[in-house]
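To keep things clear, I will list the structure first and then write my remarks on it.
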Amino acid sequence: MSEIAFIGAIESGLLFGLVALGVFISFRILEFPDLTVDGSLPLGASVAAAAIVQGCDPYLATALAMVAGAGAGLVTAWLNVRLKILNLLASILTMTALYSINLRIMGRPNQALLGDRTIFSDCESWGLPYYWTSLIVYLIAILAVVALLVWFLNSETGLAMRATGANARMARAQGINTGRMTLLGMAISNALVALAGALFAQSQGGADVSMGLGVIVTGLAAVILGETVLPARLLVLAVLACVIGAILYRLAVAVALNASFIGLQAQDLKLITAVLVAAAMTLPSVKGRLSARRGGAK
Amino acid sequence: MTFFRYLIALAAVSILAAPPALAAEKEIRVTAIVDHPALDSCRKGAIEALAEQGFADGKGARIEFQSAQGDVGTAGQIARKFAGDKPDIIIAIATPSAQAMVAAVRGNTPIVFSAVSDPLAARLVADLDHPGGNVTGVTDRLPLERHLALIQEIVPGVTRIGALFNPGEANSVAEIARFTALAKAKGITIVEGAAPDTNSVQSSARSLVGKVDAFFVPLDNTVVSAMEAVVKVGIDAKIPLFVADTDSVRRGAVATVGFDYHSLGRQTGIIAANILNGAKPGDIPVREVETLQLVVNPASAARMGVHLPEAVTARADEIVK
C-alpha cells in the first residue's frame with residue numbers, strides 16, 4: 001500500500017469517525033436508533049457545496065452545513081417526542097424526505113467542487129503534500145469535536161442527557177426534561193454527521209445525492225468495532241474508541257483494495273471488508289479464551 | 001494496548017499487499033462507481049481496445065480494476081490508492097468516480113473519463129474542445145434528436161411520451177430536460193415518471209398508463225437495472241417502450257438508436273492507448289459517441305401493440321430474435 005493510499009484510508013477513517021461519534025450519541029447515549037444519518041451526511045455536503053459555489057466562505061459554508069444537520073436531527077426528534085412516532089420510523093421519514101431536500105438544495109444531483117476555494121485548498125499553502133494537509137485538517141476537526149464532546153457529556157446538561165438514555169423514567173423523576181434532551185442530542189448527533197458531509201464534499205471534489213448510501217451501516221460498524229477493540233468505561237476512551245473503530249474499518253477497506261495479490265478481484269471488495277472486520281471483532285474473545293486456558297494450566 | 005497491535009498487524013498486511021512492480025509494462029488503473037451491466041461493458045470495451053493497441057493485461061501492460069461497489073467513500077479511497085500507485089494512465093467510469101479521481105490525483109498522471117454525460121457541469125474539464133491539463137474522456141450524451149425521430153416513425157401521431165428516470169441521477173435529469181425541450185418543439189409533451197430506487201420503477205411506470213402513448217428510458221442506472229419491470233408494464237398496457245441503450249432492447253424494449261456501452265468503452269480505450277503512445281490528454285477533445293446502432297425487437301413491438309415499419313427493419317443494424 002502506498003503512502004497516499006494509507007493516508008487516504010486514515011483520512012477516510014477520521015471522516016467516518018465523525019459519523020461514528022454522531023451514531024454514538026444517538027444509538028449509545030440516547031438509545032435512539034437513528035437512520036437520519038443516511039440523509040444528513042449528503043445534507044451537510046449539499047449545503048456546503050451549494051453555499052461554496054455561490055461564493056460563500058468555506059468556513060461559513062461548513063458551519064451552515066452543521067446547522068442544517070442539527071435541523072434534520074431536530075425534525076427526527078420532534079417527530080418522535082412530540083408526534084409520538086416510533087423513533088426508528090421517525091428517522092426513516094426524515095432520511096427519506098432529505099433525499100428530495102438535498103436535490104432541491106443543490107438544484108441537481110451532483111455539485112462539483114473542483115477548483116473552488118475550500119477549507120482544504122486554503123491549507124495547501126502550508127507547503128505539505130495535499131494528502132497530508134487534508135489529513136491534518138481532519139485530525140484537527142476530530143480532536144476538537146472529541147474534546148468538546150467529552151467536556152459536554154461531563155457537564156450538567158450532558159449528564160442529564162446520558163441519564164435520559166440510560167433510564168428515562170428515573171431521569172424524569174429527577175426533574176430532567178427528557179424530551180428536550182432527546183431533541184438536543186439528536187441535533188448534536190446530526191450536526192456532526194453533516195460536518196462530516198461538508199468536509200467530505202470539500203476534500204473529494206463535490207457533493208452527490210447518492211453519497212449517503214449505507215453511511216449508517218459504516219457508522220454503526222465503527223462504533224461496535226471500536227467498543228470491541230477498546231472496551232472502556234471511561235468516557236474519553238469510549239468516545240475515542242468510535243474514531244478508532246472507524247479508522248480500522250476504513251483500513252480494512254484499504255487492505256481489501258490491495259488484496260488482488262491473493263487472486264481476489266474487484267467484486268470481492270465488500271466480502272473481504274466484512275471478513276476483516278469480523279476477524280477484528282472476534283480477536284479479543286479468542287485472545288481472552290487463550291489466556292484463560294493458559295491461566296488454567298498453571 | 002490491544003488496538004495498537006491491530007494497527008501494527010494491519011499495517012504489516014498492507015505492506016505485504018503491495019503488488020510487485022514490473023518495469024517496462026504500462027501500469028493501467030480502471031475504476032467504476034458501481035457494478036452495472038452498462039458500466040461493465042464500457043470497462044470491457046476499453047480493456048479490449050487497449051489490448052488491440054498493444055496494451056493487453058500481462059502483455060505490455062498491467063491492468064488493475066477496482067469498483068467502489070456503490071460507496072462514495074470507497075470511491076475516494078480508490079482514488080487515493082490510484083494516486084499513490086502513480087500509474088501511467090487512469091480510466092474513471094461514471095461521474096462520481098471521475099470526480100473523486102480528479103480531486104485525488106495531483107501532478108500529471110493522465111485521467112481518461114468515460115460514461116460522463118456532462119463533463120462541464122461535473123467540472124472535469126474546463127473546455128470540451130481543448131481540455132488542457134491531464135484530463136480528457138468520452139461523454140455518453142444521448143443522440144436525443146435521433147431518438148425522438150425514431151419514436152415518431154414507429155408510433156405515428158405520438159403526442160405524449162412518458163420518461164422514466166431517477167431524479168437523483170445527474171445524467172438523467174440533464175438528458176430529460178434536453179429531451180423535453182426537443183419534444184416541445186415538435187409538439188410532443190414529456191410526462192415525467194420519477195423512480196428514486198429500483199423498487200419503485202414498476203409503480204412509476206404503472207402510474208403513467210393511460211397518460212402516455214410511449215415510454216422512453218434514458219441511460220438511467222436505476223431504471224435500466226429494473227428494465228424487465230418496465231417491459232412488463234409496456235406489454236400489459238400495450239405501450240411501446242423505447243430506450244437509450246442497445247442492451248435494453250435485447251432485454252425486451254422495442255427499439256433504440258443507441259450506442260452500446262461496449263463501443264463507448266472501445267472509444268475510451270483508444271484514447272487511453274493514444275495517450276500511452278505519447279499523445280497529451282490536454283490536446284484530445286472530449287468526444288461524443290461515434291458509433292450508433294439501430295437495434296429493433298419485432299417480437300416486443302408486437303406484444304406492445306405496435307408494428308415496426310419496413311423502412312426501420314430494413315436499415316436496422318441488429319434485429320433481436
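Letters for chains follow the order of the C-alpha cells (A, B, ...), residue numbers begin at 1 for each chain, and ligand numbers begin at 1 in the order shown.
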
So that I can check the surroundings of stretch 75-77 of chain A, please list as a PDB file with N, CA and C atoms, in the first residue's frame every protein, DNA and RNA residue that reaches within 10 Å of it, counting only C-alpha atoms and ignoring chain neighbours fewer than 5 positions away.
ATOM      1  N   PHE A  32     -31.326   5.868  20.886  1.00  0.00           N
ATOM      2  CA  PHE A  32     -32.282   6.265  19.855  1.00  0.00           C
ATOM      3  C   PHE A  32     -31.773   5.726  18.522  1.00  0.00           C
ATOM      4  N   ASP A  34     -31.174   5.804  15.145  1.00  0.00           N
ATOM      5  CA  ASP A  34     -31.379   6.940  14.245  1.00  0.00           C
ATOM      6  C   ASP A  34     -30.777   6.663  12.868  1.00  0.00           C
ATOM      7  N   LEU A  35     -31.653   6.574  11.853  1.00  0.00           N
ATOM      8  CA  LEU A  35     -31.174   6.362  10.482  1.00  0.00           C
ATOM      9  C   LEU A  35     -31.111   7.674   9.700  1.00  0.00           C
ATOM     10  N   THR A  36     -31.414   8.788  10.356  1.00  0.00           N
ATOM     11  CA  THR A  36     -31.367  10.094   9.685  1.00  0.00           C
ATOM     12  C   THR A  36     -30.016  10.313   9.007  1.00  0.00           C
ATOM     13  N   GLY A  69     -27.695  20.160   9.471  1.00  0.00           N
ATOM     14  CA  GLY A  69     -27.688  18.810  10.044  1.00  0.00           C
ATOM     15  C   GLY A  69     -28.422  18.791  11.374  1.00  0.00           C
ATOM     16  N   ALA A  70     -28.142  19.810  12.219  1.00  0.00           N
ATOM     17  CA  ALA A  70     -28.824  19.901  13.513  1.00  0.00           C
ATOM     18  C   ALA A  70     -30.328  19.991  13.290  1.00  0.00           C
ATOM     19  N   ARG A  82     -42.702  14.761  20.058  1.00  0.00           N
ATOM     20  CA  ARG A  82     -43.982  15.483  20.063  1.00  0.00           C
ATOM     21  C   ARG A  82     -45.098  14.699  19.371  1.00  0.00           C
ATOM     22  N   LEU A  83     -44.787  14.137  18.191  1.00  0.00           N
ATOM     23  CA  LEU A  83     -45.847  13.455  17.439  1.00  0.00           C
ATOM     24  C   LEU A  83     -45.941  11.977  17.790  1.00  0.00           C
ATOM     25  N   LYS A  84     -45.050  11.527  18.690  1.00  0.00           N
ATOM     26  CA  LYS A  84     -45.085  10.151  19.203  1.00  0.00           C
ATOM     27  C   LYS A  84     -44.953   9.099  18.094  1.00  0.00           C
ATOM     28  N   ILE A  85     -44.212   9.436  17.047  1.00  0.00           N
ATOM     29  CA  ILE A  85     -43.934   8.433  16.003  1.00  0.00           C
ATOM     30  C   ILE A  85     -42.756   7.582  16.488  1.00  0.00           C
ATOM     31  N   ASN A  87     -39.387   5.891  17.156  1.00  0.00           N
ATOM     32  CA  ASN A  87     -38.108   6.529  16.819  1.00  0.00           C
ATOM     33  C   ASN A  87     -37.503   6.066  15.494  1.00  0.00           C
ATOM     34  N   LEU A  88     -37.504   4.750  15.261  1.00  0.00           N
ATOM     35  CA  LEU A  88     -36.913   4.220  14.037  1.00  0.00           C
ATOM     36  C   LEU A  88     -37.639   4.782  12.810  1.00  0.00           C
ATOM     37  N   LEU A  89     -38.975   4.771  12.867  1.00  0.00           N
ATOM     38  CA  LEU A  89     -39.756   5.259  11.732  1.00  0.00           C
ATOM     39  C   LEU A  89     -39.552   6.759  11.546  1.00  0.00           C
ATOM     40  N   ALA A  90     -39.510   7.502  12.668  1.00  0.00           N
ATOM     41  CA  ALA A  90     -39.296   8.946  12.579  1.00  0.00           C
ATOM     42  C   ALA A  90     -38.016   9.235  11.802  1.00  0.00           C
ATOM     43  N   SER A  91     -36.947   8.463  12.119  1.00  0.00           N
ATOM     44  CA  SER A  91     -35.678   8.720  11.437  1.00  0.00           C
ATOM     45  C   SER A  91     -35.738   8.300   9.978  1.00  0.00           C
ATOM     46  N   ILE A  92     -36.473   7.217   9.686  1.00  0.00           N
ATOM     47  CA  ILE A  92     -36.618   6.793   8.284  1.00  0.00           C
ATOM     48  C   ILE A  92     -37.348   7.869   7.484  1.00  0.00           C
ATOM     49  N   LEU A  93     -38.373   8.469   8.107  1.00  0.00           N
ATOM     50  CA  LEU A  93     -39.136   9.518   7.421  1.00  0.00           C
ATOM     51  C   LEU A  93     -38.232  10.705   7.083  1.00  0.00           C
ATOM     52  N   THR A  94     -37.454  11.149   8.069  1.00  0.00           N
ATOM     53  CA  THR A  94     -36.569  12.294   7.823  1.00  0.00           C
ATOM     54  C   THR A  94     -35.553  11.953   6.740  1.00  0.00           C
ATOM     55  N   MET A  95     -34.948  10.760   6.853  1.00  0.00           N
ATOM     56  CA  MET A  95     -33.949  10.336   5.875  1.00  0.00           C
ATOM     57  C   MET A  95     -34.545  10.334   4.470  1.00  0.00           C
ATOM     58  N   GLY A 179     -37.630  14.878  26.902  1.00  0.00           N
ATOM     59  CA  GLY A 179     -37.950  15.250  25.524  1.00  0.00           C
ATOM     60  C   GLY A 179     -36.953  16.265  24.993  1.00  0.00           C
ATOM     61  N   ARG A 180     -36.670  17.271  25.813  1.00  0.00           N
ATOM     62  CA  ARG A 180     -35.739  18.312  25.387  1.00  0.00           C
ATOM     63  C   ARG A 180     -34.336  17.716  25.194  1.00  0.00           C
ATOM     64  N   MET A 181     -33.960  16.785  26.074  1.00  0.00           N
ATOM     65  CA  MET A 181     -32.651  16.146  25.959  1.00  0.00           C
ATOM     66  C   MET A 181     -32.533  15.357  24.654  1.00  0.00           C
ATOM     67  N   THR A 182     -33.620  14.675  24.278  1.00  0.00           N
ATOM     68  CA  THR A 182     -33.609  13.922  23.013  1.00  0.00           C
ATOM     69  C   THR A 182     -33.431  14.884  21.841  1.00  0.00           C
ATOM     70  N   LEU A 183     -34.178  16.005  21.883  1.00  0.00           N
ATOM     71  CA  LEU A 183     -34.061  16.998  20.809  1.00  0.00           C
ATOM     72  C   LEU A 183     -32.615  17.500  20.698  1.00  0.00           C
ATOM     73  N   LEU A 184     -32.029  17.850  21.843  1.00  0.00           N
ATOM     74  CA  LEU A 184     -30.672  18.392  21.854  1.00  0.00           C
ATOM     75  C   LEU A 184     -29.662  17.352  21.343  1.00  0.00           C
ATOM     76  N   GLY A 185     -29.771  16.141  21.859  1.00  0.00           N
ATOM     77  CA  GLY A 185     -28.816  15.089  21.482  1.00  0.00           C
ATOM     78  C   GLY A 185     -28.880  14.768  20.006  1.00  0.00           C
ATOM     79  N   MET A 186     -30.092  14.677  19.479  1.00  0.00           N
ATOM     80  CA  MET A 186     -30.238  14.359  18.060  1.00  0.00           C
ATOM     81  C   MET A 186     -29.707  15.487  17.188  1.00  0.00           C
ATOM     82  N   ALA A 187     -29.882  16.739  17.659  1.00  0.00           N
ATOM     83  CA  ALA A 187     -29.359  17.876  16.903  1.00  0.00           C
ATOM     84  C   ALA A 187     -27.831  17.795  16.847  1.00  0.00           C
ATOM     85  N   ASN A 190     -26.626  14.795  14.538  1.00  0.00           N
ATOM     86  CA  ASN A 190     -26.730  15.007  13.095  1.00  0.00           C
ATOM     87  C   ASN A 190     -25.899  16.188  12.610  1.00  0.00           C
TER      88      ASN A 190
END

_Shell of 9 Å around stretch 90-92 of chain B, only C-alpha atoms, local chain residues under 5 positions omitted, as a PyMOL selection string_ = chain B and resi 27-33+43+46+82+97-99+101+109-115+137+268-269+272

*asked:* Neighbouring residues of B:Glu290 were defined as those with any atom within 10 Å, considering only C-alpha atoms; residues of the same chain fewer than 4 positions away were excluded. Please report them as a ChimeraX atom specification.
replied: /B:138,259,263-264,267

Go ahead and write the residues just picked, N, CA and C atoms, as a tab-separated table (two decimals), in the first residue's frame.
chain	number	residue	atom	x	y	z
B	138	VAL	N	-14.62	10.57	-22.74
B	138	VAL	CA	-15.73	10.36	-23.66
B	138	VAL	C	-17.03	10.60	-22.90
B	259	PHE	N	-26.11	3.75	-28.62
B	259	PHE	CA	-24.79	3.19	-28.77
B	259	PHE	C	-24.76	2.15	-27.67
B	263	SER	N	-19.08	-0.02	-27.24
B	263	SER	CA	-18.37	0.84	-28.19
B	263	SER	C	-17.92	2.14	-27.53
B	264	LEU	N	-18.70	2.61	-26.54
B	264	LEU	CA	-18.25	3.78	-25.77
B	264	LEU	C	-16.93	3.46	-25.09
B	267	GLN	N	-14.01	3.32	-27.54
B	267	GLN	CA	-13.54	4.66	-27.87
B	267	GLN	C	-12.64	5.20	-26.75

*Give the residues of chain A that lie within 6 Å of chain B; count only C-alpha atoms, and format the answer as a PyMOL selection string.*
chain A and resi 1-2+4-5+8+109-110+112+204-205+211+229+255+258+266

Write the residues of the preceding selection, restricted to C-alpha atoms, as a compact mmCIF listing (two decimals), in the first residue's frame.
# COMPACT_ATOMS: atom_id res chain seq x y z
CA MET A 1 0.00 0.00 0.00
CA SER A 2 1.39 3.40 -0.96
CA ILE A 4 -1.07 8.24 -0.33
CA ALA A 5 -3.41 5.24 -0.11
CA GLY A 8 -6.23 8.29 2.42
CA PRO A 109 -27.99 15.61 -8.09
CA ASN A 110 -24.27 16.40 -8.27
CA ALA A 112 -18.80 19.62 -8.24
CA GLN A 204 -13.44 14.65 -2.55
CA GLY A 205 -14.38 17.01 -5.34
CA MET A 211 -23.33 9.68 -1.12
CA VAL A 229 -11.29 -3.49 20.25
CA VAL A 255 -6.39 -3.68 2.65
CA ASN A 258 -4.92 -4.30 -2.20
CA ALA A 266 -12.75 -6.15 -7.53

*What is the distance between atom CA of A:Ala61 and atom CA of A:Gln111, in Å to one decimal?*
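Straight-line distance from atom CA of A:Ala61 to atom CA of A:Gln111 works out to 14.2 Å.
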
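Residues in contact range of A:Arg28, defined as at most 12 Å between only C-alpha atoms, with sequence neighbours fewer than 3 positions away removed, read Ala20, Leu21, Gly22, Val23, Phe24, Ile25, Glu31, Phe32, Pro33, Asp34, Met161, Arg162, Ala163, Thr164, Gly165, Ala166, Gly185, Met186, Ser189, Leu220, Val223, Ile224, Glu227, Leu235, Ala238, Val239 and Cys242 of chain A.
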
Write the residues of the selection above to a file with N, CA and C atoms, as a short mmCIF file (atom, residue, chain, number, x, y, z; two decimals), in the first residue's frame.
data_model
loop_
_atom_site.label_atom_id
_atom_site.label_comp_id
_atom_site.auth_asym_id
_atom_site.auth_seq_id
_atom_site.Cartn_x
_atom_site.Cartn_y
_atom_site.Cartn_z
N ALA A 20 -19.27 8.23 13.23
CA ALA A 20 -19.37 7.29 14.34
C ALA A 20 -19.69 8.02 15.65
N LEU A 21 -19.12 9.21 15.83
CA LEU A 21 -19.41 9.98 17.05
C LEU A 21 -20.89 10.37 17.07
N GLY A 22 -21.40 10.76 15.90
CA GLY A 22 -22.82 11.08 15.80
C GLY A 22 -23.67 9.87 16.14
N VAL A 23 -23.29 8.74 15.58
CA VAL A 23 -24.04 7.50 15.83
C VAL A 23 -23.93 7.09 17.30
N PHE A 24 -22.75 7.34 17.90
CA PHE A 24 -22.54 7.03 19.31
C PHE A 24 -23.52 7.82 20.18
N ILE A 25 -23.71 9.10 19.85
CA ILE A 25 -24.64 9.92 20.65
C ILE A 25 -26.06 9.39 20.53
N GLU A 31 -29.86 6.01 23.25
CA GLU A 31 -30.57 4.77 22.92
C GLU A 31 -31.65 5.04 21.87
N PHE A 32 -31.33 5.87 20.89
CA PHE A 32 -32.28 6.27 19.86
C PHE A 32 -31.77 5.73 18.52
N PRO A 33 -32.37 4.64 17.99
CA PRO A 33 -31.90 4.10 16.70
C PRO A 33 -32.20 5.10 15.58
N ASP A 34 -31.17 5.80 15.14
CA ASP A 34 -31.38 6.94 14.24
C ASP A 34 -30.78 6.66 12.87
N MET A 161 -28.40 14.25 29.76
CA MET A 161 -28.65 13.55 28.50
C MET A 161 -28.32 12.07 28.64
N ARG A 162 -27.19 11.78 29.31
CA ARG A 162 -26.81 10.38 29.50
C ARG A 162 -27.85 9.66 30.36
N ALA A 163 -28.37 10.36 31.36
CA ALA A 163 -29.40 9.77 32.22
C ALA A 163 -30.66 9.48 31.42
N THR A 164 -30.98 10.38 30.46
CA THR A 164 -32.17 10.20 29.63
C THR A 164 -32.09 8.89 28.87
N GLY A 165 -30.90 8.62 28.31
CA GLY A 165 -30.74 7.40 27.54
C GLY A 165 -30.67 6.17 28.43
N ALA A 166 -30.03 6.31 29.60
CA ALA A 166 -29.82 5.15 30.47
C ALA A 166 -31.12 4.71 31.13
N GLY A 185 -29.77 16.14 21.86
CA GLY A 185 -28.82 15.09 21.48
C GLY A 185 -28.88 14.77 20.01
N MET A 186 -30.09 14.68 19.48
CA MET A 186 -30.24 14.36 18.06
C MET A 186 -29.71 15.49 17.19
N SER A 189 -25.91 15.14 17.30
CA SER A 189 -25.52 13.95 16.53
C SER A 189 -25.53 14.24 15.03
N LEU A 220 -22.28 2.60 12.34
CA LEU A 220 -22.64 1.65 13.40
C LEU A 220 -21.56 0.58 13.54
N VAL A 223 -18.68 2.06 15.47
CA VAL A 223 -18.93 2.18 16.91
C VAL A 223 -18.75 0.82 17.59
N ILE A 224 -19.34 -0.22 17.01
CA ILE A 224 -19.29 -1.54 17.64
C ILE A 224 -17.87 -2.11 17.57
N GLU A 227 -15.83 -0.41 20.20
CA GLU A 227 -16.16 -0.91 21.54
C GLU A 227 -15.53 -2.27 21.80
N LEU A 235 -15.27 7.67 29.76
CA LEU A 235 -15.96 8.32 28.65
C LEU A 235 -14.99 8.74 27.53
N ALA A 238 -14.17 5.77 25.54
CA ALA A 238 -15.33 5.28 24.79
C ALA A 238 -15.55 6.13 23.55
N VAL A 239 -15.35 7.45 23.70
CA VAL A 239 -15.51 8.35 22.56
C VAL A 239 -14.40 8.10 21.54
N CYS A 242 -14.76 5.08 19.20
CA CYS A 242 -15.58 5.23 17.98
C CYS A 242 -14.68 5.62 16.81
#

*asked:* Let's see if you can do this: from backbone DSSP, list all helix (DSSP H, G or I) residues in stretch 2-248 of chain A, as a PyMOL selection string.
replied: chain A and resi 3-29+37-53+58-81+87-106+119-126+130-154+156-166+168-173+178-203+209-212+215-229+235-248

_Which residue is closest to B:Gly54? Choose from B:Leu150, B:Asp245, B:Met304, B:Leu276 and count only C-alpha atoms._
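Using only C-alpha atoms, the shortest distance to B:Gly54 belongs to B:Leu276.
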
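For the residues B:Asp40, B:Asp283, B:Glu25, B:Asp88, ranking by smallest atom-to-atom distance to B:Lys59 using only C-alpha atoms places B:Glu25 first.
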
*Can you check which residues of stretch 47-236 of chain B DSSP gives as strand (DSSP E) on the backbone and send them as a ChimeraX atom specification?*
/B:56-57,60-67,89-93,111-116,135-139,160-165,189-194,214-217

*All residues 8 Å or closer to B:Thr222, only C-alpha atoms, same chain fewer than 6 positions away omitted, as an NGL selection string*: :B and (165-166 or 195-198 or 201)

*What is the distance between atom CA of A:Leu98 and atom CA of A:Ile216, in Å to one decimal?*
14.6 Å
